[in-house]
file start_10.csv (CSV, C-alpha atoms)
chain,number,residue,atom,x,y,z
A,1312,MET,CA,14.2,13.3,14.0
A,1313,LYS,CA,15.8,10.0,13.1
A,1314,PHE,CA,13.9,6.9,12.1
A,1315,GLN,CA,14.4,4.4,14.9
A,1316,HIS,CA,13.2,1.2,13.3
A,1317,LYS,CA,15.3,-1.4,11.6
A,1318,HIS,CA,12.3,-2.9,9.7
A,1319,LEU,CA,9.1,-1.6,8.2
A,1320,LEU,CA,6.5,-4.3,9.1
A,1321,GLY,CA,3.3,-2.2,9.3
A,1322,LEU,CA,1.9,1.2,10.0
A,1323,GLU,CA,0.1,0.1,13.2
A,1324,GLU,CA,3.4,0.3,15.1
A,1325,LEU,CA,4.5,3.7,13.8
A,1326,THR,CA,3.7,7.0,15.4
A,1327,ARG,CA,2.2,10.0,13.6
A,1328,GLU,CA,5.6,11.7,13.8
A,1329,GLU,CA,7.3,8.7,12.2
A,1330,ILE,CA,4.8,8.6,9.4
A,1331,GLU,CA,5.2,12.3,8.8
A,1332,LEU,CA,9.0,11.9,8.7
A,1333,ILE,CA,8.6,9.3,5.9
A,1334,LEU,CA,6.3,11.6,3.9
A,1335,GLU,CA,8.7,14.5,4.3
A,1336,ASN,CA,11.5,12.4,3.0
A,1337,THR,CA,9.3,11.2,0.1
A,1338,ALA,CA,8.8,14.8,-1.1
A,1339,GLY,CA,12.6,15.2,-1.2
A,1340,PHE,CA,13.1,12.1,-3.2
A,1341,LYS,CA,10.3,12.9,-5.6
A,1342,GLU,CA,12.3,16.0,-6.6
A,1343,ILE,CA,14.9,13.7,-8.0
A,1344,PHE,CA,12.4,12.6,-10.7
A,1345,THR,CA,12.7,16.1,-12.3
A,1346,ARG,CA,16.4,15.7,-12.9
A,1347,SER,CA,18.0,14.5,-16.1
A,1348,ILE,CA,19.9,11.9,-14.1
A,1349,LYS,CA,17.4,10.3,-11.7
A,1350,LYS,CA,20.0,8.6,-9.5
A,1351,VAL,CA,21.8,9.3,-6.2
A,1352,PRO,CA,24.6,7.3,-4.5
A,1353,THR,CA,22.7,6.9,-1.2
A,1354,LEU,CA,22.8,3.0,-1.1
A,1355,ARG,CA,25.9,2.4,-3.2
A,1356,GLY,CA,27.3,-1.0,-2.1
A,1357,LYS,CA,24.1,-2.2,-0.5
A,1358,THR,CA,22.0,-5.1,-1.8
A,1359,VAL,CA,18.2,-5.2,-1.9
A,1360,VAL,CA,16.6,-8.6,-2.5
A,1361,SER,CA,13.0,-8.8,-3.7
A,1362,LEU,CA,11.3,-11.9,-2.3
A,1363,PHE,CA,7.8,-12.2,-3.5
A,1364,TYR,CA,5.7,-15.4,-2.8
A,1365,GLU,CA,2.7,-13.7,-4.4
A,1366,ASN,CA,2.4,-12.0,-7.8
A,1367,SER,CA,2.9,-8.3,-8.1
A,1368,THR,CA,3.4,-5.7,-10.8
A,1369,ARG,CA,3.4,-2.2,-9.2
A,1370,THR,CA,5.0,-3.0,-5.8
A,1371,ARG,CA,7.7,-5.2,-7.1
A,1372,THR,CA,8.7,-3.0,-10.0
A,1373,SER,CA,8.4,0.1,-7.8
A,1374,PHE,CA,10.8,-1.2,-5.2
A,1375,GLU,CA,13.3,-2.3,-7.9
A,1376,ILE,CA,13.3,1.2,-9.5
A,1377,ALA,CA,13.5,2.8,-6.0
A,1378,ALA,CA,16.5,0.7,-5.1
A,1379,LYS,CA,18.3,1.3,-8.4
A,1380,ARG,CA,17.7,5.1,-8.2
A,1381,LEU,CA,19.5,4.9,-4.8
A,1382,SER,CA,22.4,3.0,-6.5
A,1383,ALA,CA,21.8,-0.3,-4.7
A,1384,ASP,CA,22.3,-3.7,-6.3
A,1385,VAL,CA,19.0,-5.4,-6.8
A,1386,ILE,CA,18.2,-9.2,-6.9
A,1387,ASN,CA,14.8,-10.3,-7.9
A,1388,PHE,CA,14.3,-13.7,-6.3
A,1389,ASN,CA,12.0,-15.9,-8.4
A,1390,VAL,CA,10.1,-18.2,-6.0
A,1391,SER,CA,8.7,-20.4,-8.8
A,1392,THR,CA,12.1,-21.3,-10.1
A,1393,SER,CA,13.9,-21.6,-6.7
A,1394,SER,CA,14.4,-24.4,-4.2
A,1395,VAL,CA,11.1,-23.3,-2.6
A,1396,VAL,CA,9.4,-25.6,-5.1
A,1397,LYS,CA,11.5,-28.5,-3.7
A,1398,GLY,CA,10.2,-27.9,-0.2
A,1399,GLU,CA,12.8,-25.4,1.2
A,1400,SER,CA,11.4,-23.5,4.1
A,1401,LEU,CA,10.9,-19.7,4.3
A,1402,LEU,CA,13.6,-19.3,6.9
A,1403,ASP,CA,16.1,-21.5,5.1
A,1404,THR,CA,15.5,-19.5,1.9
A,1405,VAL,CA,16.1,-16.2,3.8
A,1406,HIS,CA,19.2,-17.4,5.6
A,1407,THR,CA,20.6,-18.4,2.2
A,1408,ILE,CA,19.8,-14.9,0.8
A,1409,GLU,CA,21.4,-13.3,3.8
A,1410,SER,CA,24.6,-15.4,3.4
A,1411,LEU,CA,24.9,-13.9,-0.1
A,1412,GLY,CA,25.1,-10.5,1.4
A,1413,ALA,CA,21.5,-9.0,1.4
A,1414,ASP,CA,21.1,-5.8,3.3
A,1415,PHE,CA,17.4,-5.4,2.7
A,1416,ILE,CA,14.7,-8.1,2.1
A,1417,VAL,CA,11.5,-6.8,0.5
A,1418,MET,CA,9.0,-9.6,1.1
A,1419,ARG,CA,5.4,-10.3,0.0
A,1420,HIS,CA,3.7,-13.4,1.4
A,1421,SER,CA,0.2,-14.8,1.6
A,1422,CYS,CA,0.6,-15.6,5.4
A,1423,PRO,CA,-0.1,-12.7,7.8
A,1424,GLY,CA,2.9,-12.2,10.1
A,1425,ALA,CA,5.5,-13.7,7.8
A,1426,PRO,CA,7.6,-10.5,7.6
A,1427,GLN,CA,7.5,-10.3,11.4
A,1428,LEU,CA,8.8,-13.8,11.7
A,1429,LEU,CA,11.6,-12.9,9.3
A,1430,ALA,CA,12.5,-9.7,11.2
A,1431,ARG,CA,13.1,-11.8,14.4
A,1432,LYS,CA,15.3,-14.3,12.6
A,1433,CYS,CA,17.5,-12.4,10.2
A,1434,ARG,CA,20.1,-9.6,10.2
A,1435,ALA,CA,18.9,-7.8,7.1
A,1436,SER,CA,16.2,-5.0,7.3
A,1437,VAL,CA,12.9,-6.5,6.3
A,1438,ILE,CA,10.2,-4.5,4.5
A,1439,ASN,CA,6.7,-5.8,4.3
A,1440,ALA,CA,5.4,-5.6,0.8
A,1441,GLY,CA,2.1,-7.2,1.8
A,1442,ASP,CA,1.4,-10.1,4.1
A,1443,GLY,CA,-1.9,-11.7,3.3
A,1444,PRO,CA,-4.8,-9.5,4.3
A,1445,HIS,CA,-2.8,-8.0,7.2
A,1446,GLU,CA,-0.9,-4.9,6.1
A,1447,HIS,CA,0.8,-3.2,3.0
A,1448,PRO,CA,2.6,-0.3,4.7
A,1449,THR,CA,4.3,1.3,1.7
A,1450,GLN,CA,0.9,1.3,-0.1
A,1451,GLY,CA,-0.6,3.1,2.9
A,1452,LEU,CA,2.2,5.6,2.8
A,1453,LEU,CA,2.0,6.3,-0.9
A,1454,ASP,CA,-1.7,6.8,-0.6
A,1455,ALA,CA,-1.2,9.2,2.3
A,1456,PHE,CA,1.5,11.1,0.3
A,1457,THR,CA,-0.8,11.4,-2.7
A,1458,ILE,CA,-3.6,12.8,-0.6
A,1459,LYS,CA,-1.2,15.3,1.1
A,1460,GLU,CA,0.1,16.4,-2.3
A,1461,LYS,CA,-3.5,17.1,-3.6
A,1462,LYS,CA,-5.3,18.2,-0.5
A,1463,GLY,CA,-2.4,19.9,1.4
A,1464,GLY,CA,-3.1,18.0,4.6
A,1465,PHE,CA,-5.4,15.6,6.4
A,1466,ALA,CA,-7.2,17.4,9.2
A,1467,GLY,CA,-10.9,17.1,8.7
A,1468,LEU,CA,-10.7,15.2,5.4
A,1469,ASN,CA,-13.4,12.6,4.7
A,1470,VAL,CA,-11.8,9.5,3.2
A,1471,VAL,CA,-14.0,6.7,2.0
A,1472,ILE,CA,-12.6,3.2,1.3
A,1473,VAL,CA,-15.0,1.1,-0.8
A,1474,GLY,CA,-14.9,-2.6,-1.5
A,1475,ASP,CA,-13.5,-5.8,0.0
A,1476,ILE,CA,-12.4,-4.5,3.4
A,1477,THR,CA,-12.3,-8.0,5.0
A,1478,HIS,CA,-9.5,-9.3,2.7
A,1479,SER,CA,-7.7,-6.0,2.1
A,1480,ARG,CA,-4.2,-5.2,3.5
A,1481,VAL,CA,-4.4,-1.9,1.8
A,1482,ALA,CA,-7.5,-0.9,3.8
A,1483,ARG,CA,-5.8,-1.7,7.1
A,1484,SER,CA,-2.7,0.2,6.3
A,1485,ASN,CA,-4.7,3.2,5.1
A,1486,ILE,CA,-6.8,3.2,8.2
A,1487,TRP,CA,-3.7,3.1,10.5
A,1488,ALA,CA,-1.9,5.9,8.6
A,1489,LEU,CA,-4.8,8.3,7.8
A,1490,SER,CA,-6.5,8.1,11.2
A,1491,LYS,CA,-3.2,9.0,12.9
A,1492,LEU,CA,-2.7,11.9,10.5
A,1493,GLY,CA,-6.2,13.3,11.3
A,1494,ALA,CA,-8.5,12.1,8.6
A,1495,HIS,CA,-12.0,10.8,9.1
A,1496,ILE,CA,-12.5,7.4,7.5
A,1497,THR,CA,-15.6,5.6,6.3
A,1498,ILE,CA,-15.5,2.0,5.0
A,1499,ALA,CA,-18.3,1.0,2.6
A,1500,GLY,CA,-19.4,-2.2,0.9
A,1501,PRO,CA,-21.6,-5.2,1.4
A,1502,SER,CA,-22.1,-6.2,5.1
A,1503,THR,CA,-20.3,-9.5,4.4
A,1504,LEU,CA,-17.2,-7.6,3.4
A,1505,LEU,CA,-17.2,-5.1,6.3
A,1506,PRO,CA,-15.9,-6.6,9.5
A,1507,LYS,CA,-17.7,-5.0,12.5
A,1508,PRO,CA,-14.5,-5.0,14.7
A,1509,PHE,CA,-13.2,-2.2,12.4
A,1510,GLU,CA,-15.4,0.2,14.3
A,1511,ARG,CA,-12.9,-0.2,17.2
A,1512,LEU,CA,-10.3,1.5,15.0
A,1513,GLY,CA,-12.5,4.6,14.9
A,1514,VAL,CA,-13.9,4.2,11.4
A,1515,ARG,CA,-17.5,4.5,10.3
A,1516,LEU,CA,-19.3,1.6,8.5
A,1517,SER,CA,-21.7,2.2,5.6
A,1518,PHE,CA,-23.6,-0.2,3.5
A,1519,ASP,CA,-25.0,2.4,1.1
A,1520,LEU,CA,-22.6,3.9,-1.5
A,1521,ARG,CA,-24.6,7.1,-2.0
A,1522,GLU,CA,-24.7,7.8,1.7
A,1523,ALA,CA,-21.0,6.9,2.2
A,1524,ILE,CA,-19.5,9.2,-0.5
A,1525,ARG,CA,-21.9,12.1,-0.1
A,1526,ASP,CA,-19.2,14.2,1.8
A,1527,ALA,CA,-16.2,12.4,0.5
A,1528,ASP,CA,-13.0,14.3,-0.2
A,1529,VAL,CA,-11.2,11.0,-1.2
A,1530,ILE,CA,-12.7,7.8,-2.5
A,1531,ASN,CA,-10.3,4.8,-2.5
A,1532,LEU,CA,-11.7,1.9,-4.4
A,1533,LEU,CA,-10.6,-1.7,-3.8
A,1534,ARG,CA,-11.0,-4.7,-6.0
A,1535,ILE,CA,-12.9,-7.8,-4.9
A,1536,GLN,CA,-10.2,-10.4,-3.8
A,1537,ILE,CA,-11.9,-13.6,-5.1
A,1538,GLU,CA,-8.6,-15.4,-4.5
A,1539,ARG,CA,-8.8,-14.9,-0.7
A,1540,GLN,CA,-12.5,-15.7,-0.3
A,1541,ARG,CA,-13.4,-19.1,0.9
A,1542,ALA,CA,-17.1,-18.6,0.5
A,1543,ASN,CA,-19.5,-16.7,-1.7
A,1544,LEU,CA,-19.9,-13.4,0.2
A,1545,PHE,CA,-22.3,-11.7,-2.3
A,1546,PRO,CA,-24.6,-13.1,-5.1
A,1547,SER,CA,-22.4,-12.1,-8.1
A,1548,ILE,CA,-19.8,-9.7,-9.4
A,1549,ARG,CA,-22.6,-8.1,-11.5
A,1550,GLU,CA,-24.7,-7.4,-8.5
A,1551,TYR,CA,-21.7,-6.0,-6.6
A,1552,SER,CA,-21.0,-3.6,-9.5
A,1553,LEU,CA,-24.6,-2.5,-9.6
A,1554,LEU,CA,-24.6,-1.6,-6.0
A,1555,TYR,CA,-21.0,-0.4,-5.3
A,1556,GLY,CA,-19.3,0.2,-8.6
A,1557,LEU,CA,-18.3,3.9,-9.1
A,1558,SER,CA,-19.6,5.3,-12.4
A,1559,GLU,CA,-19.7,8.9,-13.8
A,1560,GLU,CA,-23.3,9.2,-12.6
A,1561,ARG,CA,-22.6,8.1,-9.1
A,1562,LEU,CA,-19.5,10.3,-8.9
A,1563,LYS,CA,-21.9,13.2,-8.9
A,1564,TRP,CA,-22.9,12.1,-5.4
A,1565,ALA,CA,-19.5,13.2,-4.0
A,1566,LYS,CA,-17.8,16.6,-3.7
A,1567,LYS,CA,-16.8,18.3,-7.0
A,1568,ASP,CA,-13.1,18.1,-6.1
A,1569,VAL,CA,-13.1,14.5,-4.9
A,1570,LEU,CA,-10.0,12.4,-5.5
A,1571,ILE,CA,-10.4,8.9,-6.9
A,1572,MET,CA,-7.8,6.4,-5.9
A,1573,HIS,CA,-7.2,2.7,-6.5
A,1574,PRO,CA,-4.2,0.6,-5.4
A,1575,GLY,CA,-4.5,-1.7,-8.5
A,1576,PRO,CA,-4.9,-3.9,-10.2
A,1577,ILE,CA,-8.1,-2.4,-11.5
A,1578,ASN,CA,-11.1,-4.5,-12.5
A,1579,ARG,CA,-12.6,-2.0,-14.9
A,1580,GLY,CA,-16.4,-2.2,-15.1
A,1581,VAL,CA,-16.6,-3.8,-11.6
A,1582,GLU,CA,-15.5,-1.5,-8.8
A,1583,ILE,CA,-14.8,1.5,-11.2
A,1584,SER,CA,-15.9,2.4,-14.7
A,1585,GLN,CA,-13.5,3.1,-17.5
A,1586,SER,CA,-14.3,6.8,-17.6
A,1587,VAL,CA,-13.9,7.3,-13.9
A,1588,ALA,CA,-10.6,5.4,-13.8
A,1589,ASP,CA,-9.2,7.6,-16.5
A,1590,GLY,CA,-11.1,10.8,-15.7
A,1591,LYS,CA,-10.1,14.2,-14.2
A,1592,HIS,CA,-10.7,13.1,-10.6
A,1593,SER,CA,-8.4,10.1,-10.9
A,1594,VAL,CA,-4.9,10.1,-9.3
A,1595,ILE,CA,-4.4,6.4,-9.9
A,1596,LEU,CA,-1.3,6.8,-12.0
A,1597,GLU,CA,0.1,9.4,-9.7
A,1598,GLN,CA,-0.1,6.9,-6.9
A,1599,VAL,CA,2.1,4.6,-8.9
A,1600,THR,CA,4.7,7.4,-9.5
A,1601,ASN,CA,4.6,8.3,-5.8
A,1602,GLY,CA,5.2,4.7,-4.9
A,1603,VAL,CA,8.7,4.9,-6.2
A,1604,ALA,CA,9.5,8.0,-4.1
A,1605,VAL,CA,7.9,6.5,-0.9
A,1606,ARG,CA,10.0,3.4,-1.3
A,1607,MET,CA,13.1,5.4,-1.8
A,1608,ALA,CA,12.4,7.2,1.4
A,1609,VAL,CA,11.8,4.0,3.3
A,1610,LEU,CA,15.0,2.4,2.1
A,1611,TYR,CA,16.9,5.6,2.9
A,1612,LEU,CA,15.5,5.9,6.4
A,1613,LEU,CA,16.0,2.2,7.2
A,1614,SER,CA,19.6,2.5,6.1
A,1615,GLY,CA,20.3,5.1,8.8
A,1616,GLY,CA,18.9,8.2,7.2
A,1617,GLU,CA,21.1,11.1,8.3
A,1618,GLU,CA,24.3,9.0,8.0
A,1619,ASN,CA,23.7,8.5,4.3
A,1620,GLU,CA,22.5,12.0,3.5

call {"tool": "encode", "arguments": {"input": "start_10.csv", "output": "C-alpha cells"}}
result
Amino acid sequence: MKFQHKHLLGLEELTREEIELILENTAGFKEIFTRSIKKVPTLRGKTVVSLFYENSTRTRTSFEIAAKRLSADVINFNVSTSSVVKGESLLDTVHTIESLGADFIVMRHSCPGAPQLLARKCRASVINAGDGPHEHPTQGLLDAFTIKEKKGGFAGLNVVIVGDITHSRVARSNIWALSKLGAHITIAGPSTLLPKPFERLGVRLSFDLREAIRDADVINLLRIQIERQRANLFPSIREYSLLYGLSEERLKWAKKDVLIMHPGPINRGVEISQSVADGKHSVILEQVTNGVAVRMAVLYLLSGGEENE
C-alpha cells in the first residue's frame, strides 16, 4: 500500500489502513536507532522548514532530528525575529519560504485550520505540528505507536484521557487514531473541560477519576492549558489536582499493568505526581523517543515512500 496524501493535516481524514501503514513504517525507522550511524539517505537533497508560531520543545526538536536522520537539510524559521513581527502575513511568509526551495513545511499555529489553508496555497508538503486546539496528528501517531509497542495491539483496550479535553489537540488526534484502531476511549475531567459533543465520536465521558480509570489499560494525562482558556473553568489548580491529579495512591485504582502517558510539558504535582511521572508504569520518555521515528515515517511516506526506499 502506498500513502496517497501529499500533506498530513490531521488524523480525522486518514483511514485505519493509512494509520497502520504509518505505524508499520515507524517500526522500521526505529530500528535505525540501534545502529552506530543513525542516518539514511532517504531525503538527501530535500529541505524541511520548521515554521512554529507557538513555542515547542519536543515536537520541534523531534522533527529536526527526524529530518536530519533522513539526510534532509533543515531550516528552523524563527517567527519572533522574522518579518512576521513587521506585519507579514502567513501566506506571504510561506510563499517566501517556498521560493527558497522548501519541500516540506512543518507548521504549528494557534489558529485551527491554518495548516489546511497552507496546503491549499503552496506546493510544498505541509505537516500539521499542532493547530490551536484542533489536531496534533504526529502526537496521536506516536501515542498509538507507543501503545502498540507495549500492549501488542488495540482491540479491546481501555484508554482513558484525563484533563483539559476542551482545549487539547492531543486529545482529538488520539481519539481519531485510537478509535479507528479498535480501542475504547474514556475522557475524564471536570464537566467544564469535557465537551458533550465528544460523545458523538464514540467516547465515554466521566467526571470521576476513580470510576474512569478502574479498568484502564492506558492513562494519558493532559496538562491544563491556562493559555487557551478565556474564563475560569474550575476553582483553582489546587482543587483540580486534588480531584484529578494522578498520585501513587490513585494509581492503585487502575490495572496493575497500566501504562502512564503524557504528551508534555508536564506540570508535576498538578495532573501527575513526581513519583508516577518517573515510575515503572510511565512511558513518557519512550513517547519522546518514538516521536522521532514517527516523524521519520511521516516524512518518508509524504516524499513518495516506495520511490525513496

call {"tool": "residues_near_point", "arguments": {"input": "start_10.csv", "point": "(8.2, 8.7, -1.6)", "cutoff": "8 Å", "atoms": "all atoms listed in the file", "output": "PyMOL selection string"}}
result
chain A and resi 1333-1334+1336-1341+1453+1456+1601-1609

call {"tool": "residues_around", "arguments": {"input": "start_10.csv", "residues": "segment 1354-1360 of chain A", "least_positions_apart": "4", "cutoff": "8 Å", "atoms": "only C-alpha atoms", "output": "PyMOL selection string"}}
result
chain A and resi 1378+1381-1388+1408+1412-1417+1611+1614+1619

call {"tool": "write_last_selection", "arguments": {"input": "start_10.csv", "atoms": "C-alpha atoms", "output": "PDB file, in the frame of the given file"}}
result
ATOM      1  CA  ALA A1378      16.500   0.700  -5.100  1.00  0.00           C
ATOM      2  CA  LEU A1381      19.500   4.900  -4.800  1.00  0.00           C
ATOM      3  CA  SER A1382      22.400   3.000  -6.500  1.00  0.00           C
ATOM      4  CA  ALA A1383      21.800  -0.300  -4.700  1.00  0.00           C
ATOM      5  CA  ASP A1384      22.300  -3.700  -6.300  1.00  0.00           C
ATOM      6  CA  VAL A1385      19.000  -5.400  -6.800  1.00  0.00           C
ATOM      7  CA  ILE A1386      18.200  -9.200  -6.900  1.00  0.00           C
ATOM      8  CA  ASN A1387      14.800 -10.300  -7.900  1.00  0.00           C
ATOM      9  CA  PHE A1388      14.300 -13.700  -6.300  1.00  0.00           C
ATOM     10  CA  ILE A1408      19.800 -14.900   0.800  1.00  0.00           C
ATOM     11  CA  GLY A1412      25.100 -10.500   1.400  1.00  0.00           C
ATOM     12  CA  ALA A1413      21.500  -9.000   1.400  1.00  0.00           C
ATOM     13  CA  ASP A1414      21.100  -5.800   3.300  1.00  0.00           C
ATOM     14  CA  PHE A1415      17.400  -5.400   2.700  1.00  0.00           C
ATOM     15  CA  ILE A1416      14.700  -8.100   2.100  1.00  0.00           C
ATOM     16  CA  VAL A1417      11.500  -6.800   0.500  1.00  0.00           C
ATOM     17  CA  TYR A1611      16.900   5.600   2.900  1.00  0.00           C
ATOM     18  CA  SER A1614      19.600   2.500   6.100  1.00  0.00           C
ATOM     19  CA  ASN A1619      23.700   8.500   4.300  1.00  0.00           C
TER      20      ASN A1619
END

call {"tool": "residues_near_point", "arguments": {"input": "start_10.csv", "point": "(-12.4, 2.9, 13.2)", "cutoff": "10 Å", "atoms": "all atoms listed in the file", "output": "tab-separated table (two decimals) with C-alpha atoms, keeping the file's coordinate frame"}}
result
chain	number	residue	atom	x	y	z
A	1486	ILE	CA	-6.80	3.20	8.20
A	1487	TRP	CA	-3.70	3.10	10.50
A	1490	SER	CA	-6.50	8.10	11.20
A	1495	HIS	CA	-12.00	10.80	9.10
A	1496	ILE	CA	-12.50	7.40	7.50
A	1497	THR	CA	-15.60	5.60	6.30
A	1498	ILE	CA	-15.50	2.00	5.00
A	1507	LYS	CA	-17.70	-5.00	12.50
A	1508	PRO	CA	-14.50	-5.00	14.70
A	1509	PHE	CA	-13.20	-2.20	12.40
A	1510	GLU	CA	-15.40	0.20	14.30
A	1511	ARG	CA	-12.90	-0.20	17.20
A	1512	LEU	CA	-10.30	1.50	15.00
A	1513	GLY	CA	-12.50	4.60	14.90
A	1514	VAL	CA	-13.90	4.20	11.40
A	1515	ARG	CA	-17.50	4.50	10.30
A	1516	LEU	CA	-19.30	1.60	8.50

call {"tool": "residues_around", "arguments": {"input": "start_10.csv", "residues": "Phe1314 of chain A", "least_positions_apart": "4", "cutoff": "9 Å", "atoms": "only C-alpha atoms", "output": "number ranges by chain"}}
result
A: 1329, 1332-1333, 1612-1613, 1615-1616

call {"tool": "write_last_selection", "arguments": {"input": "start_10.csv", "atoms": "C-alpha atoms", "output": "short mmCIF file (atom, residue, chain, number, x, y, z; two decimals), in the coordinates of the input"}}
result
data_model
loop_
_atom_site.label_atom_id
_atom_site.label_comp_id
_atom_site.auth_asym_id
_atom_site.auth_seq_id
_atom_site.Cartn_x
_atom_site.Cartn_y
_atom_site.Cartn_z
CA GLU A 1329 7.30 8.70 12.20
CA LEU A 1332 9.00 11.90 8.70
CA ILE A 1333 8.60 9.30 5.90
CA LEU A 1612 15.50 5.90 6.40
CA LEU A 1613 16.00 2.20 7.20
CA GLY A 1615 20.30 5.10 8.80
CA GLY A 1616 18.90 8.20 7.20
#

call {"tool": "closest_residue", "arguments": {"input": "start_10.csv", "among": "A:Leu1554, A:Ala1488, A:Ala1494, A:Leu1532", "to": "Glu1324 of chain A", "atoms": "all atoms listed in the file"}}
result
A:Ala1488

call {"tool": "atom_distance", "arguments": {"input": "start_10.csv", "atom1": "atom CA of Val1351 of chain A", "atom2": "atom CA of Thr1449 of chain A"}}
result
20.8 Å

call {"tool": "residues_around", "arguments": {"input": "start_10.csv", "residues": "His1406 of chain A", "least_positions_apart": "5", "cutoff": "9 Å", "atoms": "all atoms listed in the file", "output": "list in words"}}
result
Leu1401, Leu1411, Lys1432 and Cys1433 of chain A

call {"tool": "atom_distance", "arguments": {"input": "start_10.csv", "atom1": "atom CA of Ile1476 of chain A", "atom2": "atom CA of Pro1506 of chain A"}}
result
7.3 Å

call {"tool": "closest_residue", "arguments": {"input": "start_10.csv", "among": "A:Cys1422, A:Leu1468, A:Met1312, A:Val1437", "to": "Leu1362 of chain A", "atoms": "all atoms listed in the file"}}
result
A:Val1437

call {"tool": "closest_residue", "arguments": {"input": "start_10.csv", "among": "A:Val1587, A:Ile1535, A:Leu1452, A:Val1581", "to": "Gly1474 of chain A", "atoms": "only C-alpha atoms"}}
result
A:Ile1535

call {"tool": "closest_residue", "arguments": {"input": "start_10.csv", "among": "A:His1318, A:Tyr1555, A:Val1395, A:Ile1376", "to": "Lys1349 of chain A", "atoms": "all atoms listed in the file"}}
result
A:Ile1376

call {"tool": "atom_distance", "arguments": {"input": "start_10.csv", "atom1": "atom CA of Arg1525 of chain A", "atom2": "atom CA of Lys1566 of chain A"}}
result
7.1 Å

call {"tool": "axis_aligned_box", "arguments": {"input": "start_10.csv", "around": "segment 1436-1450 of chain A", "padding_each_side": "3 Å", "output": "AutoDock Vina command-line options"}}
result
--center_x 5.7 --center_y -5.2 --center_z 3.6 --size_x 27.0 --size_y 19.0 --size_z 13.4

call {"tool": "residues_around", "arguments": {"input": "start_10.csv", "residues": "segment 1426-1428 of chain A", "least_positions_apart": "3", "cutoff": "12 Å", "atoms": "all atoms listed in the file", "output": "compact mmCIF listing (two decimals) with C-alpha atoms, keeping the file's coordinate frame"}}
result
# COMPACT_ATOMS: atom_id res chain seq x y z
CA LYS A 1317 15.30 -1.40 11.60
CA HIS A 1318 12.30 -2.90 9.70
CA LEU A 1319 9.10 -1.60 8.20
CA LEU A 1320 6.50 -4.30 9.10
CA GLY A 1321 3.30 -2.20 9.30
CA GLU A 1324 3.40 0.30 15.10
CA LEU A 1362 11.30 -11.90 -2.30
CA PHE A 1363 7.80 -12.20 -3.50
CA TYR A 1364 5.70 -15.40 -2.80
CA LEU A 1401 10.90 -19.70 4.30
CA LEU A 1402 13.60 -19.30 6.90
CA VAL A 1405 16.10 -16.20 3.80
CA ILE A 1416 14.70 -8.10 2.10
CA VAL A 1417 11.50 -6.80 0.50
CA MET A 1418 9.00 -9.60 1.10
CA ARG A 1419 5.40 -10.30 0.00
CA HIS A 1420 3.70 -13.40 1.40
CA SER A 1421 0.20 -14.80 1.60
CA CYS A 1422 0.60 -15.60 5.40
CA PRO A 1423 -0.10 -12.70 7.80
CA ARG A 1431 13.10 -11.80 14.40
CA LYS A 1432 15.30 -14.30 12.60
CA CYS A 1433 17.50 -12.40 10.20
CA ALA A 1435 18.90 -7.80 7.10
CA SER A 1436 16.20 -5.00 7.30
CA VAL A 1437 12.90 -6.50 6.30
CA ILE A 1438 10.20 -4.50 4.50
CA ASN A 1439 6.70 -5.80 4.30
CA ALA A 1440 5.40 -5.60 0.80
CA GLY A 1441 2.10 -7.20 1.80
CA ASP A 1442 1.40 -10.10 4.10
CA GLY A 1443 -1.90 -11.70 3.30
CA HIS A 1445 -2.80 -8.00 7.20
CA GLU A 1446 -0.90 -4.90 6.10
CA HIS A 1447 0.80 -3.20 3.00
CA PRO A 1448 2.60 -0.30 4.70

call {"tool": "closest_residue", "arguments": {"input": "start_10.csv", "among": "A:Ser1484, A:Ser1400, A:Ser1558, A:Ser1393", "to": "Pro1574 of chain A", "atoms": "all atoms listed in the file"}}
result
A:Ser1484

call {"tool": "closest_residue", "arguments": {"input": "start_10.csv", "among": "A:Arg1521, A:Leu1610, A:Ile1472, A:His1592", "to": "Glu1375 of chain A", "atoms": "all atoms listed in the file"}}
result
A:Leu1610

call {"tool": "residues_around", "arguments": {"input": "start_10.csv", "residues": "Asn1531 of chain A", "least_positions_apart": "2", "cutoff": "7 Å", "atoms": "only C-alpha atoms", "output": "PDB file with C-alpha atoms, keeping the file's coordinate frame"}}
result
ATOM      1  CA  VAL A1471     -14.000   6.700   2.000  1.00  0.00           C
ATOM      2  CA  ILE A1472     -12.600   3.200   1.300  1.00  0.00           C
ATOM      3  CA  VAL A1473     -15.000   1.100  -0.800  1.00  0.00           C
ATOM      4  CA  VAL A1529     -11.200  11.000  -1.200  1.00  0.00           C
ATOM      5  CA  LEU A1533     -10.600  -1.700  -3.800  1.00  0.00           C
ATOM      6  CA  ILE A1571     -10.400   8.900  -6.900  1.00  0.00           C
ATOM      7  CA  MET A1572      -7.800   6.400  -5.900  1.00  0.00           C
ATOM      8  CA  HIS A1573      -7.200   2.700  -6.500  1.00  0.00           C
TER       9      HIS A1573
END
